[in-house]
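Asker: Below is a structure I'd like to ask you about.
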Amino acid sequence: MLEVLYFAWVRERIGEPRERIETTAATVADLVDELRGREGRYALAFSDLAALRVAIDQELADWDSPIEGAREVAFFPPMTGG
Amino acid sequence: MRVRVQCEPFDLAAELEGFGAEGDVGAQVTFTGIVRATGGLTRMEIEHYPGMTARAIEKIATEAVSRWALDDCLVVHRYGTLAPGDQIMMVATASRHRAAAFEAAEFLMDYLKSRAPFWKKEYGADGAAWVEARDEDEDALSRW
């Protein structure tokens with residue numbers, strides 16, 4: 001099981017902050033494709049990957065990063081700290 | 001080095017008590033970020049990624065300490081609901097000479113802006129909107 005987290009407007013579009021999913025996706029990009037195929041709200045949240053960032057187990061990652069063995073994957077817009 | 005992520009306000013003077021006391025410190029720089037009322041803003045909600053936030057900031061602070069041989073470094077960043085005039089965050093750096101303390105503080109600010117997992121949502125008379133990251137913020141990282 002993989003814990004998938006959403007923050008900021010990604011969370012708002014999907015309608016929940018986190019969920020546990022069963023996936024066979026090999027990379028982040030595969031996982032995104034899988035999620036997009038689920039429902040319109042996912043397709044909307046993931047419509048522009050350039051506007052999104054991803055972290056695997058709380059470290060920034062890339063779309064082609066492997067997710068095998070990962071505990072959590074988080075999707076969010078570019079950060080606005082400071 | 002100290003890093004804290006908290007909802008509560010912080011007391012700048014109390015935070016600086018004993019800061020850098022262990023080194024041969026000749027310079028101490030502090031920066032405090034404040035919520036502006038620009039555009040009729042009435043409140044700001046800051047969301048973060050518990051678990052990742054402190055670690056991401058520690059990584060940035062560790063880099064600053066080693067690059068500028070700082071004697072001490074402190075970062076406090078708030079989340080939750082803030083009003084105009086409220087403190088959002090602070091950084092403090094201590095070193096032998098001022099150039100290192102100033103530069104390291106700027107480095108910390110640049111990286112916290114784009115690499116610490118916080119997201120700001122602004123509320124005003126016209127409704128609410130997420131603050132968008134600016135290209136300039138990302139470009140600012142390249143100078144380091």
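Letters A, B, ... go to the chains of the structure tokens in the order shown; residues in each chain start at 1; ligands are counted from 1 in the same order.
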Given only C-alpha atoms, how would the per-residue table for chain B near chain A read, listing every residue at most 12 Å away with its closest atom pair and distance in Å to one decimal, sorted by chain and number, as JSON lines?
Answerer:
{"residue": "B:Val5", "atom": "CA", "partner": "A:Gly81", "partner_atom": "CA", "distance": 11.7}
{"residue": "B:Phe31", "atom": "CA", "partner": "A:Gly82", "partner_atom": "CA", "distance": 10.3}
{"residue": "B:Thr32", "atom": "CA", "partner": "A:Gly82", "partner_atom": "CA", "distance": 9.3}
{"residue": "B:Gly33", "atom": "CA", "partner": "A:Gly82", "partner_atom": "CA", "distance": 6.9}
{"residue": "B:Ile34", "atom": "CA", "partner": "A:Gly82", "partner_atom": "CA", "distance": 9.6}
{"residue": "B:Val35", "atom": "CA", "partner": "A:Gly82", "partner_atom": "CA", "distance": 10.6}
{"residue": "B:Glu45", "atom": "CA", "partner": "A:Ala8", "partner_atom": "CA", "distance": 10.2}
{"residue": "B:Ile46", "atom": "CA", "partner": "A:Gly81", "partner_atom": "CA", "distance": 8.7}
{"residue": "B:Glu47", "atom": "CA", "partner": "A:Ala8", "partner_atom": "CA", "distance": 7.0}
{"residue": "B:His48", "atom": "CA", "partner": "A:Phe7", "partner_atom": "CA", "distance": 7.8}
{"residue": "B:Tyr49", "atom": "CA", "partner": "A:Phe7", "partner_atom": "CA", "distance": 7.6}
{"residue": "B:Pro50", "atom": "CA", "partner": "A:Gln58", "partner_atom": "CA", "distance": 9.4}
{"residue": "B:Gly51", "atom": "CA", "partner": "A:Gln58", "partner_atom": "CA", "distance": 7.1}
{"residue": "B:Met52", "atom": "CA", "partner": "A:Gln58", "partner_atom": "CA", "distance": 5.0}
{"residue": "B:Thr53", "atom": "CA", "partner": "A:Gln58", "partner_atom": "CA", "distance": 8.5}
{"residue": "B:Ala54", "atom": "CA", "partner": "A:Gln58", "partner_atom": "CA", "distance": 10.5}
{"residue": "B:Arg55", "atom": "CA", "partner": "A:Gln58", "partner_atom": "CA", "distance": 8.5}
{"residue": "B:Ala56", "atom": "CA", "partner": "A:Glu59", "partner_atom": "CA", "distance": 8.0}
{"residue": "B:Ile57", "atom": "CA", "partner": "A:Gly81", "partner_atom": "CA", "distance": 10.4}
{"residue": "B:Lys59", "atom": "CA", "partner": "A:Glu59", "partner_atom": "CA", "distance": 10.8}
{"residue": "B:Val75", "atom": "CA", "partner": "A:Gly82", "partner_atom": "CA", "distance": 10.2}
{"residue": "B:Val76", "atom": "CA", "partner": "A:Gly82", "partner_atom": "CA", "distance": 10.0}
{"residue": "B:His77", "atom": "CA", "partner": "A:Gly82", "partner_atom": "CA", "distance": 7.6}
{"residue": "B:Arg78", "atom": "CA", "partner": "A:Gly82", "partner_atom": "CA", "distance": 9.5}
{"residue": "B:Tyr79", "atom": "CA", "partner": "A:Gly81", "partner_atom": "CA", "distance": 9.8}
{"residue": "B:Gln87", "atom": "CA", "partner": "A:Gly82", "partner_atom": "CA", "distance": 10.7}
{"residue": "B:Ile88", "atom": "CA", "partner": "A:Gly82", "partner_atom": "CA", "distance": 7.5}
{"residue": "B:Met89", "atom": "CA", "partner": "A:Gly82", "partner_atom": "CA", "distance": 6.6}
{"residue": "B:Met90", "atom": "CA", "partner": "A:Gly82", "partner_atom": "CA", "distance": 8.3}
{"residue": "B:Val91", "atom": "CA", "partner": "A:Gly82", "partner_atom": "CA", "distance": 9.5}
{"residue": "B:Ala105", "atom": "CA", "partner": "A:Gly82", "partner_atom": "CA", "distance": 11.7}
{"residue": "B:Glu106", "atom": "CA", "partner": "A:Gly82", "partner_atom": "CA", "distance": 11.0}
{"residue": "B:Phe107", "atom": "CA", "partner": "A:Gly82", "partner_atom": "CA", "distance": 11.5}
{"residue": "B:Leu108", "atom": "CA", "partner": "A:Gly82", "partner_atom": "CA", "distance": 9.0}
{"residue": "B:Met109", "atom": "CA", "partner": "A:Gly82", "partner_atom": "CA", "distance": 6.2}
{"residue": "B:Asp110", "atom": "CA", "partner": "A:Gly82", "partner_atom": "CA", "distance": 7.9}
{"residue": "B:Tyr111", "atom": "CA", "partner": "A:Gly82", "partner_atom": "CA", "distance": 8.4}
{"residue": "B:Leu112", "atom": "CA", "partner": "A:Gly82", "partner_atom": "CA", "distance": 5.3}
{"residue": "B:Lys113", "atom": "CA", "partner": "A:Gly81", "partner_atom": "CA", "distance": 4.2}
{"residue": "B:Ser114", "atom": "CA", "partner": "A:Met79", "partner_atom": "CA", "distance": 5.2}
{"residue": "B:Arg115", "atom": "CA", "partner": "A:Met79", "partner_atom": "CA", "distance": 6.3}
{"residue": "B:Ala116", "atom": "CA", "partner": "A:Gly81", "partner_atom": "CA", "distance": 5.8}
{"residue": "B:Pro117", "atom": "CA", "partner": "A:Met79", "partner_atom": "CA", "distance": 5.4}
{"residue": "B:Phe118", "atom": "CA", "partner": "A:Gly81", "partner_atom": "CA", "distance": 4.8}
{"residue": "B:Trp119", "atom": "CA", "partner": "A:Thr80", "partner_atom": "CA", "distance": 5.1}
{"residue": "B:Lys120", "atom": "CA", "partner": "A:Thr80", "partner_atom": "CA", "distance": 6.3}
{"residue": "B:Lys121", "atom": "CA", "partner": "A:Ala8", "partner_atom": "CA", "distance": 8.2}
{"residue": "B:Glu122", "atom": "CA", "partner": "A:Ala8", "partner_atom": "CA", "distance": 11.8}
{"residue": "B:Ala128", "atom": "CA", "partner": "A:Trp9", "partner_atom": "CA", "distance": 11.4}
{"residue": "B:Ala129", "atom": "CA", "partner": "A:Trp9", "partner_atom": "CA", "distance": 9.4}
{"residue": "B:Trp130", "atom": "CA", "partner": "A:Trp9", "partner_atom": "CA", "distance": 7.3}
{"residue": "B:Val131", "atom": "CA", "partner": "A:Thr80", "partner_atom": "CA", "distance": 7.0}
{"residue": "B:Glu132", "atom": "CA", "partner": "A:Thr80", "partner_atom": "CA", "distance": 7.1}
{"residue": "B:Ala133", "atom": "CA", "partner": "A:Thr80", "partner_atom": "CA", "distance": 5.8}
{"residue": "B:Arg134", "atom": "CA", "partner": "A:Thr80", "partner_atom": "CA", "distance": 8.8}
{"residue": "B:Asp135", "atom": "CA", "partner": "A:Pro78", "partner_atom": "CA", "distance": 10.4}
{"residue": "B:Asp137", "atom": "CA", "partner": "A:Thr80", "partner_atom": "CA", "distance": 9.1}
{"residue": "B:Glu138", "atom": "CA", "partner": "A:Pro78", "partner_atom": "CA", "distance": 9.6}
Asker: Name the residues in contact with range 31-39 of chain A at a cut-off of 10 Å, using only C-alpha atoms, excluding same-chain residues fewer than 4 positions from it; report them as a ChimeraX atom specification.
Answerer: /A:4,14,21,23-27,43-47,49,63,66-67,73,75
Asker: Any chance you could list, as a list in words, the residues in chain A that come up helix (DSSP H, G or I) when DSSP is run on the backbone?
Answerer: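 DSSP on the backbone gives helix (DSSP H, G or I) at Ala8, Trp9, Val10, Arg11, Glu12, Arg13, Ile14, Val28, Ala29, Asp30, Leu31, Val32, Asp33, Glu34, Leu35, Arg36, Gly40, Arg41, Tyr42, Ala43, Leu44, Ala45, Leu49, Ala50 and Ala51 of chain A.
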Asker: Kindly export the residues of the current selection with N, CA, C and O atoms, as a short mmCIF file (atom, residue, chain, number, x, y, z; two decimals), in the first residue's frame.
Answerer:
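This went into result-v4.cif:
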data_model
loop_
_atom_site.label_atom_id
_atom_site.label_comp_id
_atom_site.auth_asym_id
_atom_site.auth_seq_id
_atom_site.Cartn_x
_atom_site.Cartn_y
_atom_site.Cartn_z
N ALA A 8 -2.14 21.95 -0.73
CA ALA A 8 -2.57 23.21 -1.33
C ALA A 8 -3.68 22.98 -2.36
O ALA A 8 -4.62 22.23 -2.09
N TRP A 9 -3.58 23.58 -3.57
CA TRP A 9 -4.72 23.44 -4.50
C TRP A 9 -4.85 22.04 -5.06
O TRP A 9 -5.91 21.66 -5.56
N VAL A 10 -3.81 21.25 -4.98
CA VAL A 10 -3.91 19.85 -5.43
C VAL A 10 -4.88 19.13 -4.48
O VAL A 10 -5.78 18.40 -4.91
N ARG A 11 -4.71 19.38 -3.19
CA ARG A 11 -5.59 18.81 -2.17
C ARG A 11 -7.04 19.27 -2.39
O ARG A 11 -7.98 18.47 -2.33
N GLU A 12 -7.20 20.58 -2.70
CA GLU A 12 -8.55 21.11 -2.91
C GLU A 12 -9.22 20.49 -4.13
O GLU A 12 -10.41 20.18 -4.11
N ARG A 13 -8.44 20.32 -5.21
CA ARG A 13 -9.04 19.76 -6.43
C ARG A 13 -9.42 18.29 -6.26
O ARG A 13 -10.43 17.84 -6.77
N ILE A 14 -8.57 17.56 -5.53
CA ILE A 14 -8.85 16.14 -5.36
C ILE A 14 -9.88 15.93 -4.26
O ILE A 14 -10.65 14.96 -4.29
N VAL A 28 6.81 7.66 -10.77
CA VAL A 28 5.84 8.70 -10.42
C VAL A 28 4.92 8.97 -11.61
O VAL A 28 3.70 9.08 -11.46
N ALA A 29 5.51 9.05 -12.81
CA ALA A 29 4.72 9.32 -14.01
C ALA A 29 3.65 8.24 -14.22
O ALA A 29 2.51 8.56 -14.58
N ASP A 30 4.01 6.98 -13.97
CA ASP A 30 3.03 5.88 -14.09
C ASP A 30 1.90 6.06 -13.09
O ASP A 30 0.73 5.82 -13.40
N LEU A 31 2.29 6.46 -11.88
CA LEU A 31 1.29 6.67 -10.83
C LEU A 31 0.33 7.79 -11.21
O LEU A 31 -0.89 7.68 -11.03
N VAL A 32 0.88 8.86 -11.78
CA VAL A 32 0.05 9.99 -12.22
C VAL A 32 -0.93 9.53 -13.30
O VAL A 32 -2.12 9.85 -13.25
N ASP A 33 -0.45 8.74 -14.25
CA ASP A 33 -1.33 8.22 -15.31
C ASP A 33 -2.47 7.40 -14.71
O ASP A 33 -3.62 7.50 -15.14
N GLU A 34 -2.10 6.57 -13.73
CA GLU A 34 -3.09 5.72 -13.07
C GLU A 34 -4.16 6.58 -12.38
O GLU A 34 -5.36 6.33 -12.51
N LEU A 35 -3.70 7.61 -11.65
CA LEU A 35 -4.62 8.48 -10.92
C LEU A 35 -5.52 9.27 -11.88
O LEU A 35 -6.72 9.40 -11.67
N ARG A 36 -4.90 9.77 -12.96
CA ARG A 36 -5.66 10.54 -13.97
C ARG A 36 -6.82 9.74 -14.54
O ARG A 36 -7.87 10.28 -14.86
N GLY A 40 -12.58 12.51 -12.93
CA GLY A 40 -12.32 13.84 -13.45
C GLY A 40 -11.51 14.73 -12.54
O GLY A 40 -10.66 15.50 -12.97
N ARG A 41 -11.74 14.61 -11.22
CA ARG A 41 -11.04 15.50 -10.29
C ARG A 41 -9.53 15.23 -10.30
O ARG A 41 -8.72 16.14 -10.13
N TYR A 42 -9.15 13.98 -10.54
CA TYR A 42 -7.71 13.67 -10.63
C TYR A 42 -7.14 14.21 -11.93
O TYR A 42 -6.05 14.77 -11.97
N ALA A 43 -7.90 14.02 -13.01
CA ALA A 43 -7.46 14.51 -14.31
C ALA A 43 -7.25 16.02 -14.25
O ALA A 43 -6.28 16.55 -14.80
N LEU A 44 -8.15 16.70 -13.52
CA LEU A 44 -8.05 18.15 -13.38
C LEU A 44 -6.81 18.53 -12.56
O LEU A 44 -6.04 19.42 -12.93
N ALA A 45 -6.61 17.84 -11.44
CA ALA A 45 -5.47 18.15 -10.57
C ALA A 45 -4.13 17.90 -11.28
O ALA A 45 -3.16 18.62 -11.06
N LEU A 49 1.52 19.09 -15.45
CA LEU A 49 2.59 18.62 -14.55
C LEU A 49 3.66 19.68 -14.32
O LEU A 49 4.35 19.66 -13.31
N ALA A 50 3.77 20.64 -15.23
CA ALA A 50 4.77 21.71 -15.06
C ALA A 50 4.44 22.55 -13.83
O ALA A 50 5.31 23.20 -13.25
N ALA A 51 3.16 22.53 -13.43
CA ALA A 51 2.72 23.34 -12.28
C ALA A 51 2.77 22.53 -10.98
O ALA A 51 2.29 22.98 -9.95
#
Asker: Using DSSP on the backbone coordinates, identify the residues of range 5-134 of chain B assigned to strand (DSSP E); present them as a ChimeraX atom specification.
Answerer: /B:5-6,27-34,41-48,72-78,80-82,87-95,118-124,127-130
Asker: Do a neighbour search on Arg67 in chain B at 12 Å with only C-alpha atoms, toss out local chain neighbours closer than 5 positions, and write the hits as a list of chain:residue names.
Answerer: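 Listing them by chain and then by number gives B:Ile60, B:Ala61, B:Thr62, B:Ser95, B:Ala100, B:Ala101, B:Glu103, B:Ala104, B:Ala105, B:Phe107, B:Leu108, B:Trp144.
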